file input-v6.pdb (PDB, C-alpha atoms and all ligand atoms)
ATOM      1  CA  MET H   1     -44.625 123.676   3.446
ATOM      2  CA  LYS H   2     -46.272 122.064   0.416
ATOM      3  CA  VAL H   3     -45.260 118.534  -0.575
ATOM      4  CA  THR H   4     -46.274 116.837  -3.810
ATOM      5  CA  VAL H   5     -45.814 113.076  -4.199
ATOM      6  CA  LEU H   6     -45.945 110.956  -7.341
ATOM      7  CA  THR H   7     -47.437 107.612  -6.372
ATOM      8  CA  GLY H   8     -48.850 104.288  -7.472
ATOM      9  CA  GLY H   9     -50.857 102.057  -5.154
ATOM     10  CA  VAL H  10     -49.797 100.104  -2.095
ATOM     11  CA  GLY H  11     -46.088 101.021  -1.875
ATOM     12  CA  GLY H  12     -46.758 104.685  -2.567
ATOM     13  CA  ALA H  13     -49.727 104.955  -0.225
ATOM     14  CA  LYS H  14     -47.457 103.854   2.645
ATOM     15  CA  LEU H  15     -45.269 106.923   2.097
ATOM     16  CA  VAL H  16     -48.232 109.279   1.697
ATOM     17  CA  LEU H  17     -49.734 107.964   4.945
ATOM     18  CA  GLY H  18     -46.364 108.543   6.617
ATOM     19  CA  LEU H  19     -46.373 112.147   5.394
ATOM     20  CA  THR H  20     -49.799 112.723   6.979
ATOM     21  CA  THR H  21     -48.291 111.954  10.388
ATOM     22  CA  ILE H  22     -45.719 114.747   9.929
ATOM     23  CA  LEU H  23     -47.472 117.471   7.941
ATOM     24  CA  PRO H  24     -51.003 118.862   7.936
ATOM     25  CA  ALA H  25     -52.929 116.799   5.403
ATOM     26  CA  HIS H  26     -53.868 119.909   3.386
ATOM     27  CA  ALA H  27     -50.149 120.484   2.702
ATOM     28  CA  ILE H  28     -49.885 117.166   0.849
ATOM     29  CA  THR H  29     -50.856 116.490  -2.756
ATOM     30  CA  ALA H  30     -50.639 113.005  -4.256
ATOM     31  CA  ILE H  31     -50.469 112.716  -8.045
ATOM     32  CA  VAL H  32     -51.675 109.199  -8.701
ATOM     33  CA  ASN H  33     -51.095 106.695 -11.489
ATOM     34  CA  THR H  34     -54.212 105.919 -13.513
ATOM     35  CA  GLY H  35     -52.484 103.669 -16.072
ATOM     36  CA  ASP H  36     -53.924 100.621 -14.243
ATOM     37  CA  ASP H  37     -57.483 101.920 -14.594
ATOM     38  CA  PHE H  38     -59.823  99.698 -16.542
ATOM     39  CA  VAL H  39     -63.457  98.864 -17.063
ATOM     40  CA  HIS H  40     -64.651  95.574 -15.572
ATOM     41  CA  LEU H  41     -68.254  94.367 -15.797
ATOM     42  CA  GLY H  42     -69.041  97.825 -17.098
ATOM     43  CA  LEU H  43     -67.601  99.478 -13.975
ATOM     44  CA  PRO H  44     -64.730 101.998 -14.066
ATOM     45  CA  ILE H  45     -62.022 100.788 -11.665
ATOM     46  CA  SER H  46     -59.128 103.004 -10.509
ATOM     47  CA  PRO H  47     -56.983 100.660  -8.393
ATOM     48  CA  ASP H  48     -54.252 103.092  -7.323
ATOM     49  CA  ILE H  49     -56.604 105.978  -6.530
ATOM     50  CA  ASP H  50     -58.805 103.641  -4.508
ATOM     51  CA  THR H  51     -55.802 102.223  -2.640
ATOM     52  CA  LEU H  52     -54.795 105.749  -1.678
ATOM     53  CA  LEU H  53     -58.347 106.644  -0.603
ATOM     54  CA  TYR H  54     -58.687 103.471   1.491
ATOM     55  CA  THR H  55     -55.240 103.889   3.036
ATOM     56  CA  LEU H  56     -55.707 107.524   4.029
ATOM     57  CA  ALA H  57     -59.242 106.881   5.282
ATOM     58  CA  GLY H  58     -57.965 104.002   7.457
ATOM     59  CA  LYS H  59     -60.121 101.569   5.518
ATOM     60  CA  SER H  60     -57.513  99.434   3.718
ATOM     61  CA  ASP H  61     -56.978  95.751   4.364
ATOM     62  CA  LEU H  62     -53.448  95.686   5.744
ATOM     63  CA  GLU H  63     -53.180  91.898   5.842
ATOM     64  CA  ARG H  64     -54.413  91.141   2.349
ATOM     65  CA  GLY H  65     -52.559  94.162   1.002
ATOM     66  CA  TRP H  66     -55.335  95.448  -1.265
ATOM     67  CA  GLY H  67     -58.960  96.515  -1.050
ATOM     68  CA  ARG H  68     -61.028  97.373   2.012
ATOM     69  CA  GLY H  69     -60.690  95.900   5.460
ATOM     70  CA  GLY H  70     -63.694  93.976   6.851
ATOM     71  CA  GLU H  71     -64.870  93.387   3.297
ATOM     72  CA  THR H  72     -67.711  90.977   2.465
ATOM     73  CA  TRP H  73     -67.984  89.034  -0.794
ATOM     74  CA  SER H  74     -71.688  88.424  -1.533
ATOM     75  CA  PHE H  75     -71.434  90.103  -4.929
ATOM     76  CA  MET H  76     -68.540  87.862  -6.048
ATOM     77  CA  ALA H  77     -70.358  84.752  -4.803
ATOM     78  CA  ALA H  78     -73.372  85.729  -6.909
ATOM     79  CA  VAL H  79     -71.165  86.490  -9.925
ATOM     80  CA  ARG H  80     -69.569  83.026  -9.652
ATOM     81  CA  GLU H  81     -72.961  81.342  -9.265
ATOM     82  CA  LEU H  82     -74.029  82.956 -12.532
ATOM     83  CA  GLY H  83     -70.851  81.917 -14.356
ATOM     84  CA  GLY H  84     -69.497  85.471 -14.498
ATOM     85  CA  PRO H  85     -65.785  86.362 -14.534
ATOM     86  CA  ALA H  86     -64.117  85.699 -11.178
ATOM     87  CA  TRP H  87     -60.504  86.590 -12.001
ATOM     88  CA  PHE H  88     -60.892  90.109 -10.578
ATOM     89  CA  ASN H  89     -62.304  90.276  -7.060
ATOM     90  CA  LEU H  90     -64.725  93.054  -6.196
ATOM     91  CA  GLY H  91     -65.723  93.210  -2.560
ATOM     92  CA  ASP H  92     -69.183  94.476  -1.648
ATOM     93  CA  GLY H  93     -67.908  97.714  -0.087
ATOM     94  CA  ASP H  94     -65.393  98.248  -2.886
ATOM     95  CA  LEU H  95     -68.202  97.835  -5.394
ATOM     96  CA  ALA H  96     -69.888 100.951  -3.997
ATOM     97  CA  LEU H  97     -67.001 103.139  -5.192
ATOM     98  CA  HIS H  98     -67.088 101.734  -8.707
ATOM     99  CA  VAL H  99     -70.870 102.020  -9.014
ATOM    100  CA  LEU H 100     -70.824 105.598  -7.704
ATOM    101  CA  ARG H 101     -67.957 106.450 -10.066
ATOM    102  CA  LEU H 102     -69.926 105.018 -12.979
ATOM    103  CA  ALA H 103     -72.950 107.107 -11.975
ATOM    104  CA  ALA H 104     -70.761 110.216 -11.685
ATOM    105  CA  PHE H 105     -69.284 109.596 -15.156
ATOM    106  CA  ALA H 106     -72.819 109.159 -16.518
ATOM    107  CA  ARG H 107     -73.640 112.627 -15.088
ATOM    108  CA  GLY H 108     -70.626 113.994 -16.969
ATOM    109  CA  GLU H 109     -68.272 114.311 -13.979
ATOM    110  CA  SER H 110     -64.558 113.703 -14.376
ATOM    111  CA  LEU H 111     -62.305 111.246 -12.515
ATOM    112  CA  SER H 112     -60.797 114.212 -10.628
ATOM    113  CA  GLN H 113     -64.242 115.377  -9.519
ATOM    114  CA  VAL H 114     -65.433 111.975  -8.365
ATOM    115  CA  THR H 115     -62.105 111.317  -6.569
ATOM    116  CA  ALA H 116     -62.416 114.641  -4.736
ATOM    117  CA  ALA H 117     -65.998 113.783  -3.787
ATOM    118  CA  PHE H 118     -64.892 110.444  -2.263
ATOM    119  CA  ALA H 119     -62.092 112.196  -0.366
ATOM    120  CA  ARG H 120     -64.595 114.753   0.976
ATOM    121  CA  ALA H 121     -67.012 112.019   2.017
ATOM    122  CA  TRP H 122     -64.229 110.483   4.145
ATOM    123  CA  SER H 123     -63.053 113.907   5.402
ATOM    124  CA  LEU H 124     -59.620 113.534   3.799
ATOM    125  CA  ALA H 125     -57.759 116.824   3.565
ATOM    126  CA  THR H 126     -54.920 115.345   1.490
ATOM    127  CA  THR H 127     -55.395 116.320  -2.152
ATOM    128  CA  ILE H 128     -55.615 113.220  -4.339
ATOM    129  CA  LEU H 129     -55.183 114.064  -8.011
ATOM    130  CA  PRO H 130     -55.449 111.583 -10.875
ATOM    131  CA  MET H 131     -52.437 112.134 -13.167
ATOM    132  CA  SER H 132     -54.975 112.719 -15.951
ATOM    133  CA  ASP H 133     -58.723 112.678 -16.509
ATOM    134  CA  ASP H 134     -58.053 111.261 -19.970
ATOM    135  CA  PRO H 135     -57.713 107.497 -20.324
ATOM    136  CA  VAL H 136     -54.138 106.162 -20.311
ATOM    137  CA  ALA H 137     -53.668 102.389 -20.460
ATOM    138  CA  THR H 138     -50.487 100.685 -19.324
ATOM    139  CA  LEU H 139     -49.719  97.927 -21.838
ATOM    140  CA  VAL H 140     -47.160  95.246 -21.139
ATOM    141  CA  ASP H 141     -45.230  93.588 -23.962
ATOM    142  CA  THR H 142     -44.401  90.053 -22.866
ATOM    143  CA  ASP H 143     -43.324  86.749 -24.366
ATOM    144  CA  ASP H 144     -47.078  85.998 -24.440
ATOM    145  CA  GLY H 145     -47.698  89.122 -26.549
ATOM    146  CA  ARG H 146     -49.075  92.525 -25.579
ATOM    147  CA  LEU H 147     -51.244  92.377 -22.465
ATOM    148  CA  SER H 148     -53.423  94.902 -20.699
ATOM    149  CA  PHE H 149     -52.097  95.744 -17.254
ATOM    150  CA  GLN H 150     -54.772  93.857 -15.297
ATOM    151  CA  ASP H 151     -54.410  90.780 -17.529
ATOM    152  CA  TYR H 152     -50.660  90.788 -16.802
ATOM    153  CA  PHE H 153     -50.837  91.789 -13.128
ATOM    154  CA  VAL H 154     -53.967  90.090 -11.783
ATOM    155  CA  ALA H 155     -55.096  87.402 -14.224
ATOM    156  CA  ARG H 156     -51.559  86.115 -15.031
ATOM    157  CA  GLN H 157     -49.945  87.149 -11.738
ATOM    158  CA  CYS H 158     -46.986  88.776 -13.615
ATOM    159  CA  ALA H 159     -45.819  85.331 -14.811
ATOM    160  CA  PRO H 160     -45.081  86.229 -18.482
ATOM    161  CA  SER H 161     -41.593  87.571 -19.090
ATOM    162  CA  LEU H 162     -41.728  91.314 -19.712
ATOM    163  CA  ARG H 163     -40.006  92.953 -22.682
ATOM    164  CA  GLY H 164     -41.307  96.498 -22.491
ATOM    165  CA  VAL H 165     -44.069  98.754 -21.255
ATOM    166  CA  SER H 166     -46.058 101.344 -23.177
ATOM    167  CA  PHE H 167     -48.862 103.721 -22.312
ATOM    168  CA  GLY H 168     -51.823 103.772 -24.696
ATOM    169  CA  GLY H 169     -53.411 107.207 -24.990
ATOM    170  CA  ALA H 170     -50.540 108.942 -23.217
ATOM    171  CA  ASP H 171     -49.639 111.007 -26.300
ATOM    172  CA  THR H 172     -52.865 112.965 -26.139
ATOM    173  CA  ALA H 173     -53.606 112.805 -22.398
ATOM    174  CA  ARG H 174     -53.631 116.117 -20.547
ATOM    175  CA  PRO H 175     -52.435 116.471 -16.967
ATOM    176  CA  GLY H 176     -55.396 116.379 -14.574
ATOM    177  CA  PRO H 177     -56.719 119.647 -13.114
ATOM    178  CA  GLY H 178     -54.309 120.939 -10.483
ATOM    179  CA  VAL H 179     -51.491 118.556 -11.388
ATOM    180  CA  LEU H 180     -49.098 121.052 -13.001
ATOM    181  CA  ASP H 181     -49.821 123.662 -10.307
ATOM    182  CA  ALA H 182     -49.136 121.106  -7.566
ATOM    183  CA  ILE H 183     -45.744 120.438  -9.147
ATOM    184  CA  ALA H 184     -44.823 124.067  -9.838
ATOM    185  CA  GLY H 185     -46.020 125.268  -6.424
ATOM    186  CA  ALA H 186     -44.469 122.488  -4.317
ATOM    187  CA  ASP H 187     -41.713 123.131  -1.790
ATOM    188  CA  ARG H 188     -40.689 119.474  -1.984
ATOM    189  CA  ILE H 189     -41.430 116.824  -4.620
ATOM    190  CA  LEU H 190     -41.205 113.166  -3.668
ATOM    191  CA  ILE H 191     -41.388 110.053  -5.822
ATOM    192  CA  ALA H 192     -42.836 107.221  -3.727
ATOM    193  CA  PRO H 193     -41.197 103.763  -3.734
ATOM    194  CA  SER H 194     -43.859 102.673  -6.218
ATOM    195  CA  ASN H 195     -42.861 100.510  -9.164
ATOM    196  CA  PRO H 196     -40.785 102.898 -11.331
ATOM    197  CA  TRP H 197     -41.740 101.182 -14.601
ATOM    198  CA  LEU H 198     -45.382 100.272 -13.965
ATOM    199  CA  SER H 199     -46.589 102.928 -11.510
ATOM    200  CA  VAL H 200     -44.402 106.046 -11.890
ATOM    201  CA  ASN H 201     -43.578 105.893 -15.609
ATOM    202  CA  PRO H 202     -47.244 106.204 -16.643
ATOM    203  CA  ILE H 203     -47.407 109.465 -14.656
ATOM    204  CA  LEU H 204     -44.233 110.728 -16.335
ATOM    205  CA  ALA H 205     -45.657 109.731 -19.742
ATOM    206  CA  VAL H 206     -48.426 112.337 -19.515
ATOM    207  CA  PRO H 207     -47.216 115.156 -21.787
ATOM    208  CA  GLY H 208     -45.900 118.124 -19.830
ATOM    209  CA  LEU H 209     -45.587 116.330 -16.528
ATOM    210  CA  ARG H 210     -41.935 115.355 -16.684
ATOM    211  CA  ASP H 211     -40.973 118.826 -17.921
ATOM    212  CA  ALA H 212     -42.971 120.414 -15.109
ATOM    213  CA  ILE H 213     -40.967 118.398 -12.565
ATOM    214  CA  VAL H 214     -37.652 119.263 -14.216
ATOM    215  CA  LEU H 215     -38.571 122.969 -14.229
ATOM    216  CA  ALA H 216     -40.057 123.026 -10.720
ATOM    217  CA  PRO H 217     -37.975 124.904  -8.162
ATOM    218  CA  ALA H 218     -38.528 122.218  -5.497
ATOM    219  CA  PRO H 219     -35.922 119.532  -4.871
ATOM    220  CA  VAL H 220     -37.048 116.090  -6.072
ATOM    221  CA  VAL H 221     -36.334 113.029  -3.920
ATOM    222  CA  ALA H 222     -37.224 109.434  -4.801
ATOM    223  CA  VAL H 223     -37.525 106.606  -2.294
ATOM    224  CA  SER H 224     -36.008 103.410  -3.649
ATOM    225  CA  PRO H 225     -38.382 100.426  -3.893
ATOM    226  CA  LEU H 226     -35.407  98.081  -3.469
ATOM    227  CA  ILE H 227     -34.069  96.785  -0.172
ATOM    228  CA  ALA H 228     -30.993  94.541  -0.297
ATOM    229  CA  GLY H 229     -31.475  94.099  -4.041
ATOM    230  CA  GLN H 230     -35.048  92.864  -3.676
ATOM    231  CA  ALA H 231     -38.423  94.535  -4.127
ATOM    232  CA  VAL H 232     -40.579  94.553  -1.015
ATOM    233  CA  LYS H 233     -43.578  93.375  -3.006
ATOM    234  CA  GLY H 234     -44.790  92.870  -6.548
ATOM    235  CA  PRO H 235     -42.981  92.447  -9.838
ATOM    236  CA  THR H 236     -40.390  95.260  -9.622
ATOM    237  CA  ALA H 237     -37.353  92.959  -9.196
ATOM    238  CA  LYS H 238     -38.581  90.363 -11.714
ATOM    239  CA  LEU H 239     -39.286  93.121 -14.223
ATOM    240  CA  MET H 240     -35.859  94.712 -13.734
ATOM    241  CA  ALA H 241     -34.150  91.356 -14.304
ATOM    242  CA  GLU H 242     -36.231  90.811 -17.466
ATOM    243  CA  LEU H 243     -35.241  94.268 -18.724
ATOM    244  CA  GLY H 244     -31.588  93.336 -18.150
ATOM    245  CA  LEU H 245     -31.098  95.830 -15.317
ATOM    246  CA  PRO H 246     -28.946  95.135 -12.261
ATOM    247  CA  LEU H 247     -31.045  95.001  -9.072
ATOM    248  CA  THR H 248     -29.346  98.014  -7.546
ATOM    249  CA  ASN H 249     -30.215 101.477  -6.299
ATOM    250  CA  ALA H 250     -28.003 102.769  -9.121
ATOM    251  CA  SER H 251     -30.502 101.327 -11.621
ATOM    252  CA  ILE H 252     -33.307 103.204  -9.846
ATOM    253  CA  ALA H 253     -31.286 106.446  -9.854
ATOM    254  CA  THR H 254     -30.433 105.983 -13.540
ATOM    255  CA  HIS H 255     -34.092 105.374 -14.319
ATOM    256  CA  TYR H 256     -34.910 108.746 -12.739
ATOM    257  CA  SER H 257     -31.829 110.514 -14.026
ATOM    258  CA  GLY H 258     -32.420 114.156 -14.946
ATOM    259  CA  LEU H 259     -35.474 114.135 -12.727
ATOM    260  CA  ILE H 260     -34.332 113.494  -9.160
ATOM    261  CA  ASP H 261     -31.919 115.467  -7.007
ATOM    262  CA  GLY H 262     -31.608 112.817  -4.314
ATOM    263  CA  LEU H 263     -32.399 109.170  -3.524
ATOM    264  CA  LEU H 264     -33.431 107.675  -0.187
ATOM    265  CA  ILE H 265     -32.168 104.112   0.169
ATOM    266  CA  ASP H 266     -32.259 101.458   2.863
ATOM    267  CA  ALA H 267     -29.844 101.807   5.780
ATOM    268  CA  GLY H 268     -28.207  98.485   4.931
ATOM    269  CA  ASP H 269     -27.730  99.251   1.238
ATOM    270  CA  ASP H 270     -24.748 100.320  -0.762
ATOM    271  CA  ALA H 271     -25.142 103.556  -2.736
ATOM    272  CA  GLY H 272     -22.863 102.050  -5.400
ATOM    273  CA  GLU H 273     -22.848 104.138  -8.544
ATOM    274  CA  VAL H 274     -25.810 106.349  -7.564
ATOM    275  CA  ALA H 275     -25.014 109.704  -9.164
ATOM    276  CA  VAL H 276     -27.172 111.910  -6.885
ATOM    277  CA  PRO H 277     -26.884 112.600  -3.143
ATOM    278  CA  VAL H 278     -28.142 109.678  -1.065
ATOM    279  CA  ALA H 279     -29.671 109.455   2.402
ATOM    280  CA  ARG H 280     -30.361 106.271   4.332
ATOM    281  CA  THR H 281     -32.928 104.977   6.765
ATOM    282  CA  ALA H 282     -34.584 101.605   7.302
ATOM    283  CA  THR H 283     -37.001 101.904   4.368
ATOM    284  CA  LEU H 284     -39.167  98.830   5.066
ATOM    285  CA  MET H 285     -42.537 100.278   6.102
ATOM    286  CA  ARG H 286     -44.330  97.750   8.314
ATOM    287  CA  SER H 287     -45.725 100.006  11.027
ATOM    288  CA  LEU H 288     -47.074 103.542  11.048
ATOM    289  CA  GLU H 289     -43.836 104.586  12.790
ATOM    290  CA  ASP H 290     -41.875 103.112   9.863
ATOM    291  CA  ARG H 291     -43.998 105.083   7.411
ATOM    292  CA  ALA H 292     -43.427 108.283   9.381
ATOM    293  CA  ARG H 293     -39.666 107.647   9.600
ATOM    294  CA  VAL H 294     -39.300 107.058   5.859
ATOM    295  CA  ALA H 295     -41.414 110.136   5.063
ATOM    296  CA  GLN H 296     -39.318 112.235   7.463
ATOM    297  CA  ALA H 297     -36.054 110.955   5.976
ATOM    298  CA  ALA H 298     -37.242 111.797   2.461
ATOM    299  CA  LEU H 299     -38.263 115.302   3.598
ATOM    300  CA  ASP H 300     -34.940 115.738   5.428
ATOM    301  CA  LEU H 301     -32.992 114.843   2.295
ATOM    302  CA  ALA H 302     -35.139 117.227   0.233
ATOM    303  CA  GLY H 303     -34.611 119.919   2.884
ATOM    304  CA  ALA H 304     -30.851 119.432   2.809
ATOM    305  CA  LEU H 305     -30.914 119.656  -0.999
ATOM    306  CA  ALA H 306     -33.003 122.834  -0.847
ATOM    307  CA  THR H 307     -30.490 124.545   1.440
ATOM    308  CA  GLY H 308     -27.462 123.157  -0.389
ATOM    309  CA  ALA H 309     -26.439 121.181   2.712
ATOM    310  CA  THR H 310     -25.667 117.946   0.847
TER
HETATM  311  P1  LIG Q 401     -49.147  98.913  -6.657
HETATM  312  O1  LIG Q 401     -49.509 100.017  -7.631
HETATM  313  O2  LIG Q 401     -50.204  98.624  -5.635
HETATM  314  O3  LIG Q 401     -48.550  97.704  -7.289
HETATM  315  O4  LIG Q 401     -48.003  99.478  -5.765
HETATM  316  P2  LIG Q 401     -46.842 100.504  -5.998
HETATM  317  O5  LIG Q 401     -46.327 100.528  -7.397
HETATM  318  O6  LIG Q 401     -47.201 101.795  -5.338
HETATM  319  O7  LIG Q 401     -45.760  99.838  -5.056
HETATM  320  C1  LIG Q 401     -45.033  98.685  -5.400
HETATM  321  C2  LIG Q 401     -43.598  98.938  -5.066
HETATM  322  O8  LIG Q 401     -43.507  99.466  -3.742
HETATM  323  C3  LIG Q 401     -42.726  97.705  -5.108
HETATM  324  O9  LIG Q 401     -41.679  97.962  -6.008
HETATM  325  C4  LIG Q 401     -42.193  97.552  -3.697
HETATM  326  O10 LIG Q 401     -40.831  97.186  -3.668
HETATM  327  C5  LIG Q 401     -42.357  98.937  -3.122
HETATM  328  N1  LIG Q 401     -42.644  98.872  -1.698
HETATM  329  C6  LIG Q 401     -43.727  98.335  -1.102
HETATM  330  N2  LIG Q 401     -43.620  98.444   0.237
HETATM  331  C7  LIG Q 401     -42.440  99.067   0.488
HETATM  332  C8  LIG Q 401     -41.758  99.448   1.679
HETATM  333  O11 LIG Q 401     -42.228  99.231   2.798
HETATM  334  N3  LIG Q 401     -40.537 100.073   1.524
HETATM  335  C9  LIG Q 401     -39.989 100.327   0.289
HETATM  336  N4  LIG Q 401     -38.799 100.930   0.229
HETATM  337  N5  LIG Q 401     -40.608  99.955  -0.852
HETATM  338  C10 LIG Q 401     -41.814  99.339  -0.745
END
call {"tool": "encode", "arguments": {"input": "input-v6.pdb", "output": "structure tokens"}}
result
Amino acid sequence: MKVTVLTGGVGGAKLVLGLTTILPAHAITAIVNTGDDFVHLGLPISPDIDTLLYTLAGKSDLERGWGRGGETWSFMAAVRELGGPAWFNLGDGDLALHVLRLAAFARGESLSQVTAAFARAWSLATTILPMSDDPVATLVDTDDGRLSFQDYFVARQCAPSLRGVSFGGADTARPGPGVLDAIAGADRILIAPSNPWLSVNPILAVPGLRDAIVLAPAPVVAVSPLIAGQAVKGPTAKLMAELGLPLTNASIATHYSGLIDGLLIDAGDDAGEVAVPVARTATLMRSLEDRARVAQAALDLAGALATGAT
């Protein structure tokens, strides 16, 4: 059975890791948000792709919640000493990916190619596909004006009030190699509990991608990022409030309306006005067992939808 997952960084990688405990890794394809990608100190950084690589390779820092575990910080110390920008932290090990990616780009390789090379180097059989090899930049309109994603998310810690989100370059971006096939050929399509506005919307903004999902024969199941009306992490709840949306699973289902056939919500949550079939499990993913349970529940709901059992 082939499963394709749309995912952002940390929240999405938890679900993808859970899937790898249930299915052979080669049966899983992750289509990853690249709207957060940016160039820093001349280096091309792909935060969500790298989070997925680190998570699946068992190299992520689970306590800090981003970057590599066991990281050292000599490079940043030297940058600070020289008066360089310190608002974005680059660990020494992390730096290797960005330098190698820069070198690959200089040789004319694409983001898809360099991502596949990293996955091979760490013996990952899960297919990790950038949503596009063309640059797409998530731009956040706030009461402080239009900000690049990293300025909003890292430098300003999501403090400015958000009014809207747009995706620079999305009009002309093409789906990355393999992306449309992974959607059309999937037996199940999942949308990870990644931020629907900042992590999943950029993927859906790539021309042809949303239509491919709508036309795909596979059932589409999203995992809600909300538990008891709160986001587990990050700005999802704050952003929803600023957009005037109730902090409910119904808002998530409405956001994905026309796209999803089912929604997985937390066991303690009310389905409320959710217009698609709902399944429940404890969706907080602390342990590997939690990740496996949530992945299994999402697959079970998709399976029930595929056989018309809901
Ligand atoms: P980022 O790209 O690293 O910011 O991460 P994502 O967009 O992939 O994930 C952020 C979202 O994941 C937030 O909206 C969180 O509420 C959600 N999230 C994180 N951990 C969990 C979890 O354990 N369970 C559920 N249901 N959602 C989670």
call {"tool": "residues_near_ligand", "arguments": {"input": "input-v6.pdb", "ligand": "ligand LIG 401 (chain Q)", "cutoff": "9 Å", "atoms": "all atoms listed in the file", "output": "PyMOL selection string"}}
result
chain H and resi 7-15+33+36+47-48+51+65-66+153+192-200+223-227+230-237+264-266+282-287+290-291+294
call {"tool": "residues_around", "arguments": {"input": "input-v6.pdb", "residues": "stretch 73-89 of chain H", "least_positions_apart": "6", "cutoff": "10 Å", "atoms": "all atoms listed in the file", "output": "PDB file with C-alpha atoms, in the frame of the given file"}}
result
ATOM      1  CA  HIS H  40     -64.651  95.574 -15.572  1.00  0.00           C
ATOM      2  CA  LEU H  41     -68.254  94.367 -15.797  1.00  0.00           C
ATOM      3  CA  GLY H  67     -58.960  96.515  -1.050  1.00  0.00           C
ATOM      4  CA  LEU H  95     -68.202  97.835  -5.394  1.00  0.00           C
ATOM      5  CA  GLN H 150     -54.772  93.857 -15.297  1.00  0.00           C
ATOM      6  CA  ASP H 151     -54.410  90.780 -17.529  1.00  0.00           C
ATOM      7  CA  VAL H 154     -53.967  90.090 -11.783  1.00  0.00           C
ATOM      8  CA  ALA H 155     -55.096  87.402 -14.224  1.00  0.00           C
ATOM      9  CA  ARG H 156     -51.559  86.115 -15.031  1.00  0.00           C
TER      10      ARG H 156
END
call {"tool": "atom_distance", "arguments": {"input": "input-v6.pdb", "atom1": "atom CA of H:Ser110", "atom2": "atom CA of H:Thr72"}}
result
28.5 Å
call {"tool": "resolve_selection", "arguments": {"input": "input-v6.pdb", "expression": "the PyMOL selection byres (((chain H and resi 111-114) around 12) and not hetatm)", "output": "NGL selection string"}}
result
:H and (31-32 or 34 or 37 or 44-46 or 49-50 or 53 or 97-110 or 115-121 or 127-135 or 175-179)
call {"tool": "resolve_selection", "arguments": {"input": "input-v6.pdb", "expression": "the PyMOL selection byres (((chain H and resi 207) around 12) and not hetatm)", "output": "CSV table (one decimal) with C-alpha atoms, in the coordinates of the input"}}
result
chain,number,residue,atom,x,y,z
H,131,MET,CA,-52.4,112.1,-13.2
H,132,SER,CA,-55.0,112.7,-16.0
H,134,ASP,CA,-58.1,111.3,-20.0
H,136,VAL,CA,-54.1,106.2,-20.3
H,167,PHE,CA,-48.9,103.7,-22.3
H,169,GLY,CA,-53.4,107.2,-25.0
H,170,ALA,CA,-50.5,108.9,-23.2
H,171,ASP,CA,-49.6,111.0,-26.3
H,172,THR,CA,-52.9,113.0,-26.1
H,173,ALA,CA,-53.6,112.8,-22.4
H,174,ARG,CA,-53.6,116.1,-20.5
H,175,PRO,CA,-52.4,116.5,-17.0
H,176,GLY,CA,-55.4,116.4,-14.6
H,179,VAL,CA,-51.5,118.6,-11.4
H,180,LEU,CA,-49.1,121.1,-13.0
H,201,ASN,CA,-43.6,105.9,-15.6
H,202,PRO,CA,-47.2,106.2,-16.6
H,203,ILE,CA,-47.4,109.5,-14.7
H,204,LEU,CA,-44.2,110.7,-16.3
H,205,ALA,CA,-45.7,109.7,-19.7
H,206,VAL,CA,-48.4,112.3,-19.5
H,208,GLY,CA,-45.9,118.1,-19.8
H,209,LEU,CA,-45.6,116.3,-16.5
H,210,ARG,CA,-41.9,115.4,-16.7
H,211,ASP,CA,-41.0,118.8,-17.9
H,212,ALA,CA,-43.0,120.4,-15.1
H,213,ILE,CA,-41.0,118.4,-12.6
call {"tool": "resolve_selection", "arguments": {"input": "input-v6.pdb", "expression": "the PyMOL selection byres (((chain H and resi 142) around 12) and not hetatm)", "output": "compact mmCIF listing (two decimals) with C-alpha atoms, in the coordinates of the input"}}
result
# COMPACT_ATOMS: atom_id res chain seq x y z
CA LEU H 139 -49.72 97.93 -21.84
CA VAL H 140 -47.16 95.25 -21.14
CA ASP H 141 -45.23 93.59 -23.96
CA ASP H 143 -43.32 86.75 -24.37
CA ASP H 144 -47.08 86.00 -24.44
CA GLY H 145 -47.70 89.12 -26.55
CA ARG H 146 -49.08 92.52 -25.58
CA LEU H 147 -51.24 92.38 -22.46
CA SER H 148 -53.42 94.90 -20.70
CA PHE H 149 -52.10 95.74 -17.25
CA ASP H 151 -54.41 90.78 -17.53
CA TYR H 152 -50.66 90.79 -16.80
CA PHE H 153 -50.84 91.79 -13.13
CA ARG H 156 -51.56 86.12 -15.03
CA CYS H 158 -46.99 88.78 -13.62
CA ALA H 159 -45.82 85.33 -14.81
CA PRO H 160 -45.08 86.23 -18.48
CA SER H 161 -41.59 87.57 -19.09
CA LEU H 162 -41.73 91.31 -19.71
CA ARG H 163 -40.01 92.95 -22.68
CA GLY H 164 -41.31 96.50 -22.49
CA VAL H 165 -44.07 98.75 -21.26
CA SER H 166 -46.06 101.34 -23.18
CA LEU H 239 -39.29 93.12 -14.22
CA GLU H 242 -36.23 90.81 -17.47
CA LEU H 243 -35.24 94.27 -18.72
call {"tool": "closest_residue", "arguments": {"input": "input-v6.pdb", "among": "H:Ala222, H:Val39, H:Leu124, H:Leu23", "to": "H:Leu52", "atoms": "all atoms listed in the file"}}
result
H:Leu124
call {"tool": "atom_distance", "arguments": {"input": "input-v6.pdb", "atom1": "atom CA of H:Arg64", "atom2": "atom CA of H:Lys238"}}
result
21.2 Å
call {"tool": "residues_around", "arguments": {"input": "input-v6.pdb", "residues": "H:Val214", "least_positions_apart": "4", "cutoff": "12 Å", "atoms": "all atoms listed in the file", "output": "ChimeraX atom specification"}}
result
/H:180,183-184,189,204,208-210,218-220,256-261
call {"tool": "closest_residue", "arguments": {"input": "input-v6.pdb", "among": "H:Ala267, H:Leu305, H:Ala295, H:Thr138", "to": "H:Phe38", "atoms": "only C-alpha atoms"}}
result
H:Thr138
